[in-house]
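Colleague: Sharing protein_20.csv below, CSV, C-alpha atoms:
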chain,number,residue,atom,x,y,z
A,1,MET,CA,11.9,-40.5,-53.6
A,2,SER,CA,9.3,-43.3,-53.4
A,3,ALA,CA,10.7,-44.9,-50.3
A,4,SER,CA,10.5,-41.7,-48.3
A,5,VAL,CA,6.9,-40.8,-49.4
A,6,LYS,CA,4.6,-42.1,-46.7
A,7,LYS,CA,1.9,-39.4,-46.7
A,8,ILE,CA,0.5,-37.8,-49.8
A,9,LEU,CA,-1.9,-34.8,-50.1
A,10,VAL,CA,-4.0,-34.3,-53.2
A,11,VAL,CA,-5.9,-31.0,-53.6
A,12,ARG,CA,-8.8,-30.8,-56.1
A,13,MET,CA,-11.6,-29.2,-54.3
A,14,SER,CA,-14.1,-28.8,-57.1
A,15,ALA,CA,-16.0,-29.3,-59.4
A,16,MET,CA,-17.7,-32.7,-59.6
A,17,GLY,CA,-16.7,-33.5,-63.1
A,18,ASP,CA,-13.1,-32.4,-62.6
A,19,ILE,CA,-12.8,-34.6,-59.5
A,20,VAL,CA,-14.2,-37.5,-61.5
A,21,MET,CA,-11.7,-36.9,-64.3
A,22,ALA,CA,-8.8,-36.5,-61.7
A,23,SER,CA,-9.7,-39.8,-60.0
A,24,PRO,CA,-7.1,-41.9,-62.0
A,25,ILE,CA,-4.3,-40.2,-60.2
A,26,LEU,CA,-5.2,-42.3,-57.2
A,27,GLN,CA,-4.2,-45.5,-59.0
A,28,SER,CA,-1.0,-43.8,-60.2
A,29,LEU,CA,-0.1,-42.8,-56.6
A,30,LYS,CA,-0.8,-46.3,-55.3
A,31,SER,CA,1.3,-47.8,-58.0
A,32,LEU,CA,4.2,-45.5,-57.4
A,33,TYR,CA,4.0,-45.3,-53.6
A,34,PRO,CA,2.2,-48.5,-52.5
A,35,ASP,CA,2.8,-47.9,-48.8
A,36,ALA,CA,1.8,-44.3,-48.7
A,37,LYS,CA,-1.4,-43.0,-47.1
A,38,ILE,CA,-3.4,-40.7,-49.5
A,39,SER,CA,-5.5,-37.7,-48.4
A,40,TRP,CA,-7.7,-35.6,-50.7
A,41,VAL,CA,-8.9,-32.0,-50.0
A,42,VAL,CA,-12.4,-31.3,-51.3
A,43,GLN,CA,-15.2,-28.9,-50.7
A,44,PRO,CA,-18.1,-30.4,-48.7
A,45,GLU,CA,-20.6,-30.5,-51.5
A,46,PHE,CA,-18.3,-32.7,-53.6
A,47,ALA,CA,-17.0,-35.0,-50.8
A,48,ASP,CA,-19.5,-37.8,-51.8
A,49,VAL,CA,-17.7,-38.1,-55.2
A,50,LEU,CA,-14.8,-39.6,-53.2
A,51,GLN,CA,-16.3,-41.0,-50.0
A,52,GLY,CA,-15.7,-44.8,-49.8
A,53,HIS,CA,-13.1,-44.9,-52.5
A,54,ASP,CA,-10.9,-48.0,-52.2
A,55,LEU,CA,-7.7,-46.1,-53.0
A,56,LEU,CA,-8.2,-43.2,-50.7
A,57,ASP,CA,-7.3,-43.2,-47.0
A,58,GLU,CA,-8.7,-39.8,-45.9
A,59,ILE,CA,-11.0,-37.0,-47.1
A,60,ILE,CA,-10.2,-33.6,-45.8
A,61,VAL,CA,-13.2,-31.2,-46.2
A,62,VAL,CA,-12.3,-27.6,-46.6
A,63,PRO,CA,-15.2,-25.4,-45.3
A,64,LYS,CA,-15.0,-22.9,-48.2
A,65,GLY,CA,-18.7,-21.9,-47.8
A,66,LYS,CA,-18.3,-21.2,-44.1
A,67,TRP,CA,-15.2,-19.1,-44.7
A,68,LYS,CA,-16.9,-17.2,-47.5
A,69,LYS,CA,-19.9,-16.5,-45.3
A,70,ALA,CA,-17.7,-15.2,-42.5
A,71,PHE,CA,-15.8,-13.0,-45.0
A,72,LYS,CA,-19.1,-11.5,-46.4
A,73,THR,CA,-20.4,-10.8,-42.9
A,74,PHE,CA,-17.2,-9.2,-41.8
A,75,GLN,CA,-16.5,-11.8,-39.1
A,76,TRP,CA,-12.8,-11.3,-39.5
A,77,TRP,CA,-11.7,-12.8,-36.1
A,78,SER,CA,-13.8,-15.9,-36.6
A,79,LEU,CA,-12.5,-16.3,-40.1
A,80,TRP,CA,-8.9,-15.9,-39.1
A,81,GLN,CA,-9.2,-18.4,-36.3
A,82,GLU,CA,-10.8,-21.0,-38.5
A,83,ILE,CA,-8.2,-20.7,-41.3
A,84,ARG,CA,-5.5,-20.8,-38.7
A,85,ALA,CA,-6.9,-24.0,-37.2
A,86,PHE,CA,-7.2,-25.6,-40.7
A,87,LYS,CA,-3.6,-24.6,-41.5
A,88,ARG,CA,-2.4,-26.1,-38.2
A,89,ASP,CA,-4.3,-29.3,-38.8
A,90,ILE,CA,-2.9,-29.7,-42.3
A,91,ARG,CA,0.6,-29.0,-41.2
A,92,ALA,CA,0.4,-31.5,-38.3
A,93,LYS,CA,-0.3,-34.3,-40.7
A,94,LYS,CA,3.3,-34.0,-42.0
A,95,PHE,CA,2.8,-34.8,-45.7
A,96,ASP,CA,5.8,-35.8,-47.7
A,97,LEU,CA,4.3,-35.0,-51.1
A,98,ALA,CA,1.5,-32.5,-51.9
A,99,ILE,CA,-0.1,-32.2,-55.3
A,100,ASP,CA,-2.3,-29.3,-56.5
A,101,LEU,CA,-4.5,-30.6,-59.3
A,102,GLN,CA,-6.6,-27.4,-59.4
A,103,GLY,CA,-3.8,-24.9,-60.1
A,104,LEU,CA,-5.5,-21.9,-58.4
A,105,ALA,CA,-4.5,-19.6,-55.6
A,106,LYS,CA,-7.0,-21.2,-53.2
A,107,SER,CA,-5.8,-24.7,-53.9
A,108,GLY,CA,-2.1,-23.7,-54.0
A,109,ALA,CA,-2.4,-22.1,-50.6
A,110,ILE,CA,-3.5,-25.4,-49.1
A,111,VAL,CA,-0.5,-27.1,-50.6
A,112,LYS,CA,1.7,-24.3,-49.2
A,113,TRP,CA,0.1,-24.6,-45.8
A,114,SER,CA,0.9,-28.3,-45.7
A,115,GLU,CA,4.6,-27.6,-45.7
A,116,ALA,CA,5.1,-30.9,-47.5
A,117,TRP,CA,8.6,-31.9,-48.4
A,118,ARG,CA,7.8,-31.8,-52.1
A,119,LYS,CA,5.0,-29.6,-53.7
A,120,PHE,CA,3.9,-30.0,-57.3
A,121,GLY,CA,1.2,-28.0,-59.1
A,122,LEU,CA,-0.7,-28.7,-62.3
A,123,ASN,CA,-1.0,-25.7,-64.6
A,124,SER,CA,-0.5,-23.5,-61.6
A,125,ARG,CA,-1.5,-19.8,-61.9
A,126,GLU,CA,-2.9,-16.9,-60.0
A,127,GLY,CA,0.5,-16.7,-58.2
A,128,SER,CA,0.3,-20.3,-56.8
A,129,GLN,CA,3.2,-21.3,-59.0
A,130,ARG,CA,5.6,-19.6,-56.7
A,131,TRP,CA,4.7,-22.0,-53.9
A,132,MET,CA,5.5,-25.1,-56.0
A,133,ASP,CA,8.7,-26.9,-56.4
A,134,LYS,CA,7.6,-27.8,-59.9
A,135,VAL,CA,4.7,-26.8,-62.1
A,136,VAL,CA,3.6,-29.5,-64.5
A,137,ASP,CA,2.3,-28.6,-68.0
A,138,GLY,CA,-1.1,-30.3,-68.4
A,139,SER,CA,-0.8,-30.2,-72.2
A,140,ALA,CA,2.1,-32.7,-72.2
A,141,VAL,CA,-0.4,-35.5,-72.9
A,142,ASP,CA,-2.7,-35.5,-75.9
A,143,GLY,CA,-5.5,-33.1,-75.0
A,144,GLU,CA,-8.1,-35.1,-76.9
A,145,LEU,CA,-8.0,-37.8,-74.2
A,146,ILE,CA,-10.3,-37.6,-71.2
A,147,SER,CA,-8.3,-36.8,-68.1
A,148,SER,CA,-5.2,-35.9,-70.2
A,149,GLU,CA,-4.0,-33.1,-67.9
A,150,TYR,CA,-4.1,-35.3,-64.9
A,151,GLN,CA,-2.2,-38.0,-66.8
A,152,ALA,CA,0.5,-35.4,-67.4
A,153,MET,CA,0.9,-35.1,-63.7
A,154,ALA,CA,1.0,-38.9,-63.4
A,155,GLN,CA,3.7,-39.2,-66.0
A,156,PHE,CA,5.7,-36.5,-64.3
A,157,LEU,CA,5.6,-38.5,-61.1
A,158,GLY,CA,6.8,-41.6,-63.0
A,159,ASP,CA,3.6,-43.5,-63.9
A,160,MET,CA,3.9,-44.2,-67.6
A,161,ARG,CA,1.0,-46.7,-68.0
A,162,LEU,CA,-1.2,-46.1,-70.9
A,163,ASP,CA,-4.3,-47.1,-68.9
A,164,PHE,CA,-5.5,-44.1,-67.1
A,165,SER,CA,-9.1,-45.0,-66.2
A,166,MET,CA,-11.4,-43.0,-64.0
A,167,ASN,CA,-12.8,-44.8,-61.0
A,168,LEU,CA,-15.5,-44.0,-58.5
A,169,PRO,CA,-16.1,-45.4,-55.0
A,170,SER,CA,-17.0,-49.1,-54.8
A,171,LYS,CA,-18.7,-48.7,-51.5
A,172,LEU,CA,-21.7,-46.3,-51.7
A,173,ASN,CA,-23.9,-44.9,-49.0
A,174,THR,CA,-27.4,-45.1,-50.6
A,175,PRO,CA,-30.1,-45.0,-47.9
A,176,ASN,CA,-32.9,-44.3,-50.4
A,177,TRP,CA,-31.9,-46.9,-52.9
A,178,ALA,CA,-35.0,-49.1,-52.3
A,179,ASN,CA,-37.3,-46.2,-53.0
A,180,ILE,CA,-35.3,-45.2,-56.1
A,181,GLN,CA,-35.3,-48.8,-57.4
A,182,SER,CA,-39.0,-49.0,-57.0
A,183,LEU,CA,-39.4,-46.0,-59.3
A,184,LEU,CA,-37.0,-47.3,-61.9
A,185,GLY,CA,-37.3,-51.0,-61.9
A,186,GLU,CA,-34.5,-53.2,-63.4
A,187,ASN,CA,-34.4,-51.7,-66.9
A,188,TYR,CA,-33.6,-48.1,-67.4
A,189,MET,CA,-31.1,-45.6,-68.8
A,190,VAL,CA,-30.1,-42.2,-67.7
A,191,PHE,CA,-30.4,-38.6,-69.1
A,192,CYS,CA,-28.1,-35.9,-67.7
A,193,PRO,CA,-29.5,-32.7,-69.2
A,194,PHE,CA,-28.3,-30.1,-66.7
A,195,THR,CA,-25.0,-28.3,-66.1
A,196,THR,CA,-23.6,-24.9,-65.0
A,197,ARG,CA,-24.0,-22.8,-68.1
A,198,PRO,CA,-26.9,-22.5,-70.6
A,199,GLN,CA,-24.6,-22.7,-73.6
A,200,LYS,CA,-23.7,-26.3,-72.6
A,201,HIS,CA,-27.4,-27.4,-72.4
A,202,TRP,CA,-29.3,-29.3,-75.1
A,203,PHE,CA,-32.9,-28.2,-75.6
A,204,ASN,CA,-36.0,-29.3,-73.9
A,205,LYS,CA,-37.7,-30.0,-77.2
A,206,SER,CA,-34.7,-32.1,-78.3
A,207,TRP,CA,-34.8,-34.2,-75.1
A,208,GLN,CA,-38.5,-34.7,-75.4
A,209,GLN,CA,-38.3,-35.7,-79.1
A,210,LEU,CA,-35.4,-38.1,-78.3
A,211,THR,CA,-37.6,-40.1,-75.9
A,212,LYS,CA,-40.0,-40.7,-78.8
A,213,ILE,CA,-37.4,-42.1,-81.3
A,214,LEU,CA,-34.7,-43.5,-79.0
A,215,PRO,CA,-33.9,-47.2,-79.8
A,216,LEU,CA,-33.7,-49.0,-76.5
A,217,GLY,CA,-31.2,-51.5,-77.8
A,218,ALA,CA,-30.7,-55.2,-77.5
A,219,GLN,CA,-30.0,-55.0,-73.8
A,220,VAL,CA,-33.8,-54.7,-73.1
A,221,PRO,CA,-35.7,-58.0,-73.7
A,222,ALA,CA,-38.6,-57.6,-76.1
A,223,GLY,CA,-41.1,-58.5,-73.4
A,224,GLU,CA,-39.8,-55.8,-71.1
A,225,LYS,CA,-39.7,-52.8,-73.4
A,226,GLU,CA,-43.0,-51.5,-72.0
A,227,SER,CA,-41.5,-51.2,-68.5
A,228,PHE,CA,-38.2,-49.6,-69.7
A,229,LYS,CA,-37.6,-46.3,-67.8
A,230,ILE,CA,-35.5,-43.2,-68.4
A,231,ALA,CA,-34.1,-41.6,-65.2
A,232,VAL,CA,-33.4,-37.9,-65.3
A,233,LEU,CA,-30.6,-36.9,-62.9
A,234,GLY,CA,-29.5,-33.4,-61.7
A,235,GLY,CA,-28.7,-31.5,-58.6
A,236,PRO,CA,-30.9,-29.3,-56.3
A,237,GLY,CA,-30.1,-26.2,-58.4
A,238,ASP,CA,-31.7,-27.9,-61.4
A,239,ILE,CA,-35.1,-28.6,-59.9
A,240,GLU,CA,-37.0,-25.8,-61.6
A,241,ALA,CA,-35.4,-26.5,-65.0
A,242,ALA,CA,-36.3,-30.2,-64.6
A,243,GLU,CA,-39.9,-29.3,-63.9
A,244,ASP,CA,-40.0,-27.4,-67.2
A,245,LEU,CA,-38.4,-30.4,-69.0
A,246,MET,CA,-40.8,-32.9,-67.6
A,247,GLN,CA,-43.9,-31.1,-68.8
A,248,SER,CA,-44.0,-32.9,-72.1
A,249,MET,CA,-42.2,-36.1,-71.2
A,250,PRO,CA,-43.8,-39.5,-71.5
A,251,GLU,CA,-44.8,-41.5,-68.4
A,252,ASN,CA,-41.7,-43.7,-68.5
A,253,VAL,CA,-39.4,-40.8,-67.8
A,254,VAL,CA,-38.7,-40.5,-64.1
A,255,ASN,CA,-37.6,-37.2,-62.6
A,256,LEU,CA,-34.9,-37.8,-60.0
A,257,VAL,CA,-33.5,-34.3,-60.1
A,258,GLY,CA,-32.6,-33.0,-56.7
A,259,LYS,CA,-33.9,-36.3,-55.2
A,260,THR,CA,-30.7,-38.2,-54.9
A,261,SER,CA,-27.4,-37.6,-53.2
A,262,ILE,CA,-24.2,-37.8,-55.3
A,263,GLN,CA,-23.6,-41.4,-54.1
A,264,GLU,CA,-27.2,-42.3,-55.0
A,265,ALA,CA,-26.7,-40.8,-58.4
A,266,ILE,CA,-23.6,-42.9,-58.9
A,267,ALA,CA,-25.6,-46.0,-58.0
A,268,VAL,CA,-28.4,-45.0,-60.5
A,269,ILE,CA,-25.7,-44.8,-63.2
A,270,ARG,CA,-24.0,-47.9,-62.0
A,271,HIS,CA,-27.1,-50.0,-62.4
A,272,SER,CA,-28.3,-48.4,-65.6
A,273,SER,CA,-28.0,-49.6,-69.2
A,274,GLY,CA,-26.3,-46.3,-70.2
A,275,VAL,CA,-26.1,-42.5,-70.1
A,276,ILE,CA,-26.8,-39.6,-72.5
A,277,GLY,CA,-25.8,-36.3,-71.2
A,278,VAL,CA,-24.2,-32.9,-71.7
A,279,ASP,CA,-20.9,-31.7,-70.4
A,280,THR,CA,-21.5,-32.4,-66.7
A,281,GLY,CA,-20.0,-34.5,-64.0
A,282,LEU,CA,-22.8,-37.0,-64.1
A,283,THR,CA,-22.1,-37.7,-67.8
A,284,HIS,CA,-18.4,-38.3,-67.0
A,285,MET,CA,-19.5,-40.7,-64.3
A,286,GLY,CA,-21.2,-42.8,-67.0
A,287,ILE,CA,-17.8,-43.2,-68.7
A,288,ALA,CA,-16.1,-43.9,-65.4
A,289,GLU,CA,-18.6,-46.7,-64.8
A,290,ASN,CA,-17.9,-48.2,-68.2
A,291,LYS,CA,-21.5,-47.7,-69.3
A,292,PRO,CA,-22.5,-46.9,-72.9
A,293,THR,CA,-22.3,-43.1,-72.7
A,294,LEU,CA,-23.1,-40.5,-75.3
A,295,ALA,CA,-21.7,-37.0,-74.4
A,296,LEU,CA,-23.3,-34.0,-76.1
A,297,PHE,CA,-20.7,-31.2,-76.4
A,298,GLY,CA,-20.9,-27.9,-78.1
A,299,SER,CA,-19.5,-24.7,-76.4
A,300,THR,CA,-17.0,-26.8,-74.5
A,301,LEU,CA,-14.9,-29.8,-75.6
A,302,PRO,CA,-13.1,-31.1,-72.5
A,303,TYR,CA,-12.1,-34.2,-74.4
A,304,SER,CA,-13.0,-36.0,-77.7
A,305,ASP,CA,-11.6,-39.4,-76.9
A,306,THR,CA,-13.3,-41.2,-74.0
A,307,ARG,CA,-10.7,-44.0,-74.0
A,308,SER,CA,-13.6,-46.4,-74.2
A,309,GLY,CA,-15.3,-48.2,-77.1
A,310,LYS,CA,-18.5,-48.0,-75.1
A,311,SER,CA,-18.6,-44.2,-75.0
A,312,LYS,CA,-18.5,-41.4,-77.6
A,313,VAL,CA,-18.4,-37.7,-77.7
A,314,LEU,CA,-20.9,-36.1,-80.1
A,315,TYR,CA,-19.6,-32.8,-81.3
A,316,GLN,CA,-20.2,-30.8,-84.5
A,317,LYS,CA,-17.3,-28.4,-85.0
A,318,MET,CA,-18.3,-24.8,-86.0
A,319,ASP,CA,-16.3,-21.7,-86.7
A,320,CYS,CA,-17.1,-20.3,-83.3
A,321,SER,CA,-16.8,-23.4,-81.2
A,322,PRO,CA,-15.7,-24.2,-78.7
A,323,CYS,CA,-16.6,-20.8,-77.4
A,324,ARG,CA,-16.5,-21.9,-73.7
A,325,ARG,CA,-17.8,-19.0,-71.6
A,326,ASN,CA,-18.1,-16.5,-74.5
A,327,PRO,CA,-20.9,-17.4,-76.9
A,328,THR,CA,-21.2,-15.2,-80.0
A,329,CYS,CA,-24.4,-16.8,-81.4
A,330,GLU,CA,-26.9,-14.5,-79.6
A,331,GLY,CA,-28.4,-17.4,-77.6
A,332,ARG,CA,-29.1,-19.7,-80.6
A,333,PHE,CA,-26.4,-22.1,-79.5
A,334,ASP,CA,-26.0,-23.4,-83.0
A,335,CYS,CA,-23.5,-26.1,-82.0
A,336,MET,CA,-26.1,-27.8,-79.8
A,337,GLN,CA,-28.8,-27.2,-82.4
A,338,SER,CA,-26.7,-29.2,-84.8
A,339,LEU,CA,-27.1,-32.2,-82.5
A,340,THR,CA,-30.5,-33.3,-83.7
A,341,PRO,CA,-32.5,-35.9,-81.8
A,342,GLU,CA,-32.3,-38.1,-84.9
A,343,LEU,CA,-28.5,-37.9,-84.9
A,344,VAL,CA,-28.3,-38.6,-81.2
A,345,ALA,CA,-30.7,-41.6,-81.5
A,346,ASN,CA,-28.6,-43.0,-84.4
A,347,GLU,CA,-25.3,-42.7,-82.5
A,348,TRP,CA,-26.9,-44.2,-79.4
A,349,GLN,CA,-27.9,-47.2,-81.4
A,350,LYS,CA,-24.3,-47.7,-82.5
A,351,LEU,CA,-23.2,-47.9,-78.8
A,352,GLN,CA,-25.6,-50.8,-78.1
Please render this file's structure as structure tokens.

Modeller:
Amino acid sequence: MSASVKKILVVRMSAMGDIVMASPILQSLKSLYPDAKISWVVQPEFADVLQGHDLLDEIIVVPKGKWKKAFKTFQWWSLWQEIRAFKRDIRAKKFDLAIDLQGLAKSGAIVKWSEAWRKFGLNSREGSQRWMDKVVDGSAVDGELISSEYQAMAQFLGDMRLDFSMNLPSKLNTPNWANIQSLLGENYMVFCPFTTRPQKHWFNKSWQQLTKILPLGAQVPAGEKESFKIAVLGGPGDIEAAEDLMQSMPENVVNLVGKTSIQEAIAVIRHSSGVIGVDTGLTHMGIAENKPTLALFGSTLPYSDTRSGKSKVLYQKMDCSPCRRNPTCEGRFDCMQSLTPELVANEWQKLQ
């Protein structure tokens, strides 16, 4: 099959963390099909996670937001025309192999529209399984490992390498980097406190207490400890929450929430001394960048093995955890409460 595969379509439209964790599939595809051109379908807000990636030949942006708006405003003719044009363009690329890494109806439909010679889905559901030639079981690889489900797809395709490392673009578009660097200096680490659901958050008071007891580690020269900064990262939707968090933070904590693009956030992490964060894409990027990374998990446990001696998942198992989207603790979030600032500081010290 490899000799006949010249064009490959990968579909994983969202979310940021899932795209990061799916990124090792690119190395697998290049190893299996070295002469093939690889295209990746993504939503516009996450395209920067992949833009400039060495192993990717094309990014196809699906205008999901535009389609959704047309649907909500009853612009049926416009919506039909745009979807028809998208389908025509995808089909015209003549893909030999199409892979749905999202497993939903919306992602499966794009694979179907491609009319690729072979179509494979990962954990396909919502009816999308009927459009696939083969549905791969993502649990075929140890679920404790980061990116395990995507490695299951890689192994199905024939890549049996044990190394399945996440990788981000080497070439970044960072027009504001000089300004960011002037705020942070040379010595800083990163906090990633924000994510999509409240039960995945740590607490403001815990972050604030952590800054008072956090050992900076041997990587910071003794004479430069006074200039050491902590960069807080997050997206535009986290700005208000960040303002609340910053109210009791010391002066060396720099609020970059909503002030960087995704690629600038990658650069901040890439040049940092390490990351502490909750279950969010930015935290996974710390692991992808091979930085000392401490991941604070509670209601979710996407992985417990980071595949890296530099990174660790901090998770205290409770009878109700992981509850995912259905917390039963009446808003106490006991699992995250159990991750005390002292515990986090001690575990951070061990990573240095």

Colleague: If you count all atoms listed in the file, which residues fall within 6 Å of segment 266-282 of chain A, apart from same-chain ones fewer than 3 positions away, as a JSON list (two decimals) with C-alpha atoms, in the frame of the given file?

Modeller:
[["chain", "number", "residue", "atom", "x", "y", "z"],
["A", 16, "MET", "CA", -17.70, -32.70, -59.60],
["A", 17, "GLY", "CA", -16.70, -33.50, -63.10],
["A", 188, "TYR", "CA", -33.60, -48.10, -67.40],
["A", 189, "MET", "CA", -31.10, -45.60, -68.80],
["A", 190, "VAL", "CA", -30.10, -42.20, -67.70],
["A", 191, "PHE", "CA", -30.40, -38.60, -69.10],
["A", 192, "CYS", "CA", -28.10, -35.90, -67.70],
["A", 193, "PRO", "CA", -29.50, -32.70, -69.20],
["A", 195, "THR", "CA", -25.00, -28.30, -66.10],
["A", 263, "GLN", "CA", -23.60, -41.40, -54.10],
["A", 285, "MET", "CA", -19.50, -40.70, -64.30],
["A", 286, "GLY", "CA", -21.20, -42.80, -67.00],
["A", 291, "LYS", "CA", -21.50, -47.70, -69.30],
["A", 292, "PRO", "CA", -22.50, -46.90, -72.90],
["A", 293, "THR", "CA", -22.30, -43.10, -72.70],
["A", 294, "LEU", "CA", -23.10, -40.50, -75.30],
["A", 295, "ALA", "CA", -21.70, -37.00, -74.40],
["A", 296, "LEU", "CA", -23.30, -34.00, -76.10]]

Colleague: Just checking: using only C-alpha atoms, which residue out of A:His201, A:Lys310, A:Arg88, A:Lys6 ends up closest to Gln352 of chain A?

Modeller: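 Smallest separation from Gln352 of chain A among the options: A:Lys310.
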
Colleague: Find the distance between atom CA of Asn326 of chain A and atom CA of Ser23 of chain A and write it in Å to one decimal.

Modeller: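 Between these atoms lies a distance of 28.7 Å.
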
Colleague: So what do you get for atom CA of Glu347 of chain A versus atom CA of Ile239 of chain A, distance-wise?

Modeller: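 Between these atoms lies a distance of 28.4 Å.
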
Colleague: Would you kindly return, as an MDAnalysis selection string, each protein, DNA or RNA residue with an atom no farther than 12 Å from any atom of Leu184 of chain A, considering all atoms listed in the file and excluding same-chain residues fewer than 6 positions away?

Modeller: chainID A and resid 177:178 190 227:232 251:256 268:269 271:273

Colleague: I want to know what sits within 12 Å of Met153 of chain A, based on all atoms listed in the file, with residues of the same chain fewer than 3 positions away left out; could you give that as a PyMOL selection string?

Modeller: chain A and resi 10+22+24-26+28-29+99-103+120-124+134-141+147-150+156-160+164

Colleague: Rounded to one decimal, what separation in Å do you get between atom CA of Tyr315 of chain A and atom CA of Thr340 of chain A?

Modeller: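 Taking atom CA of Tyr315 of chain A and atom CA of Thr340 of chain A, their separation equals 11.2 Å.
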
Colleague: Set the distance at 8 Å and use all atoms listed in the file: which residues neighbour Leu55 of chain A once local chain neighbours fewer than 5 positions away are removed? I'd like the list as an NGL selection string.

Modeller: :A and (26-27 or 30 or 38)

Colleague: Tell me, as a list in words, which residues lie within 7 Å of segment 43-49 of chain A, counting only C-alpha atoms; anything in the same chain fewer than 2 positions away does not count.

Modeller: Met13, Ser14, Met16, Gln51, Val61, Val62, Pro63, Lys64, Ile262 and Gln263 of chain A

Colleague: Go through A:Val257, A:Leu9, A:Met249, A:Ile287 and flag the residue nearest Val313 of chain A, using all atoms listed in the file for the distances.

Modeller: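 The shortest atom-to-atom distance to Val313 of chain A comes from A:Ile287.
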
Colleague: Counting all atoms listed in the file, which residue out of A:Leu314, A:Met132, A:Gln181, A:Arg125 sits closest to Glu264 of chain A?

Modeller: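 Smallest distance to Glu264 of chain A is found for A:Gln181.
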
Colleague: Kindly indicate which residue among A:Phe95, A:Trp67, A:Phe194, A:Trp131 lies nearest to Trp117 of chain A, using only C-alpha atoms for the distances.

Modeller: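 For Trp117 of chain A, the nearest of the given residues is A:Phe95.
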
Colleague: For segment 143-148 of chain A, supply all heavy atoms and report the output as a PDB file, keeping the file's coordinate frame.

Modeller:
ATOM      1  N   GLY A 143      -4.370 -33.739 -75.554  1.00  0.00           N
ATOM      2  CA  GLY A 143      -5.500 -33.100 -75.000  1.00  0.00           C
ATOM      3  C   GLY A 143      -6.870 -33.636 -75.449  1.00  0.00           C
ATOM      4  O   GLY A 143      -7.914 -33.290 -74.904  1.00  0.00           O
ATOM      5  N   GLU A 144      -6.859 -34.481 -76.475  1.00  0.00           N
ATOM      6  CA  GLU A 144      -8.100 -35.100 -76.900  1.00  0.00           C
ATOM      7  C   GLU A 144      -8.585 -36.157 -75.951  1.00  0.00           C
ATOM      8  O   GLU A 144      -9.766 -36.501 -75.937  1.00  0.00           O
ATOM      9  CB  GLU A 144      -7.897 -35.738 -78.314  1.00  0.00           C
ATOM     10  CG  GLU A 144      -7.470 -34.759 -79.402  1.00  0.00           C
ATOM     11  CD  GLU A 144      -8.535 -33.722 -79.692  1.00  0.00           C
ATOM     12  OE1 GLU A 144      -9.704 -34.106 -79.854  1.00  0.00           O
ATOM     13  OE2 GLU A 144      -8.200 -32.522 -79.728  1.00  0.00           O
ATOM     14  N   LEU A 145      -7.690 -36.694 -75.137  1.00  0.00           N
ATOM     15  CA  LEU A 145      -8.000 -37.800 -74.200  1.00  0.00           C
ATOM     16  C   LEU A 145      -8.685 -37.257 -72.951  1.00  0.00           C
ATOM     17  O   LEU A 145      -8.267 -36.239 -72.387  1.00  0.00           O
ATOM     18  CB  LEU A 145      -6.750 -38.534 -73.821  1.00  0.00           C
ATOM     19  CG  LEU A 145      -6.069 -39.367 -74.896  1.00  0.00           C
ATOM     20  CD1 LEU A 145      -4.687 -39.779 -74.435  1.00  0.00           C
ATOM     21  CD2 LEU A 145      -6.901 -40.592 -75.233  1.00  0.00           C
ATOM     22  N   ILE A 146      -9.699 -37.947 -72.500  1.00  0.00           N
ATOM     23  CA  ILE A 146     -10.300 -37.600 -71.200  1.00  0.00           C
ATOM     24  C   ILE A 146      -9.242 -37.758 -70.119  1.00  0.00           C
ATOM     25  O   ILE A 146      -8.406 -38.661 -70.163  1.00  0.00           O
ATOM     26  CB  ILE A 146     -11.528 -38.503 -70.937  1.00  0.00           C
ATOM     27  CG1 ILE A 146     -12.335 -37.971 -69.738  1.00  0.00           C
ATOM     28  CG2 ILE A 146     -11.145 -39.957 -70.743  1.00  0.00           C
ATOM     29  CD1 ILE A 146     -13.678 -38.657 -69.552  1.00  0.00           C
ATOM     30  N   SER A 147      -9.217 -36.847 -69.193  1.00  0.00           N
ATOM     31  CA  SER A 147      -8.300 -36.800 -68.100  1.00  0.00           C
ATOM     32  C   SER A 147      -6.824 -36.605 -68.468  1.00  0.00           C
ATOM     33  O   SER A 147      -5.899 -36.900 -67.709  1.00  0.00           O
ATOM     34  CB  SER A 147      -8.353 -38.159 -67.261  1.00  0.00           C
ATOM     35  OG  SER A 147      -9.642 -38.406 -66.772  1.00  0.00           O
ATOM     36  N   SER A 148      -6.611 -36.029 -69.659  1.00  0.00           N
ATOM     37  CA  SER A 148      -5.200 -35.900 -70.200  1.00  0.00           C
ATOM     38  C   SER A 148      -4.348 -35.071 -69.273  1.00  0.00           C
ATOM     39  O   SER A 148      -3.174 -35.408 -69.070  1.00  0.00           O
ATOM     40  CB  SER A 148      -5.271 -35.307 -71.586  1.00  0.00           C
ATOM     41  OG  SER A 148      -5.853 -34.008 -71.581  1.00  0.00           O
TER      42      SER A 148
END
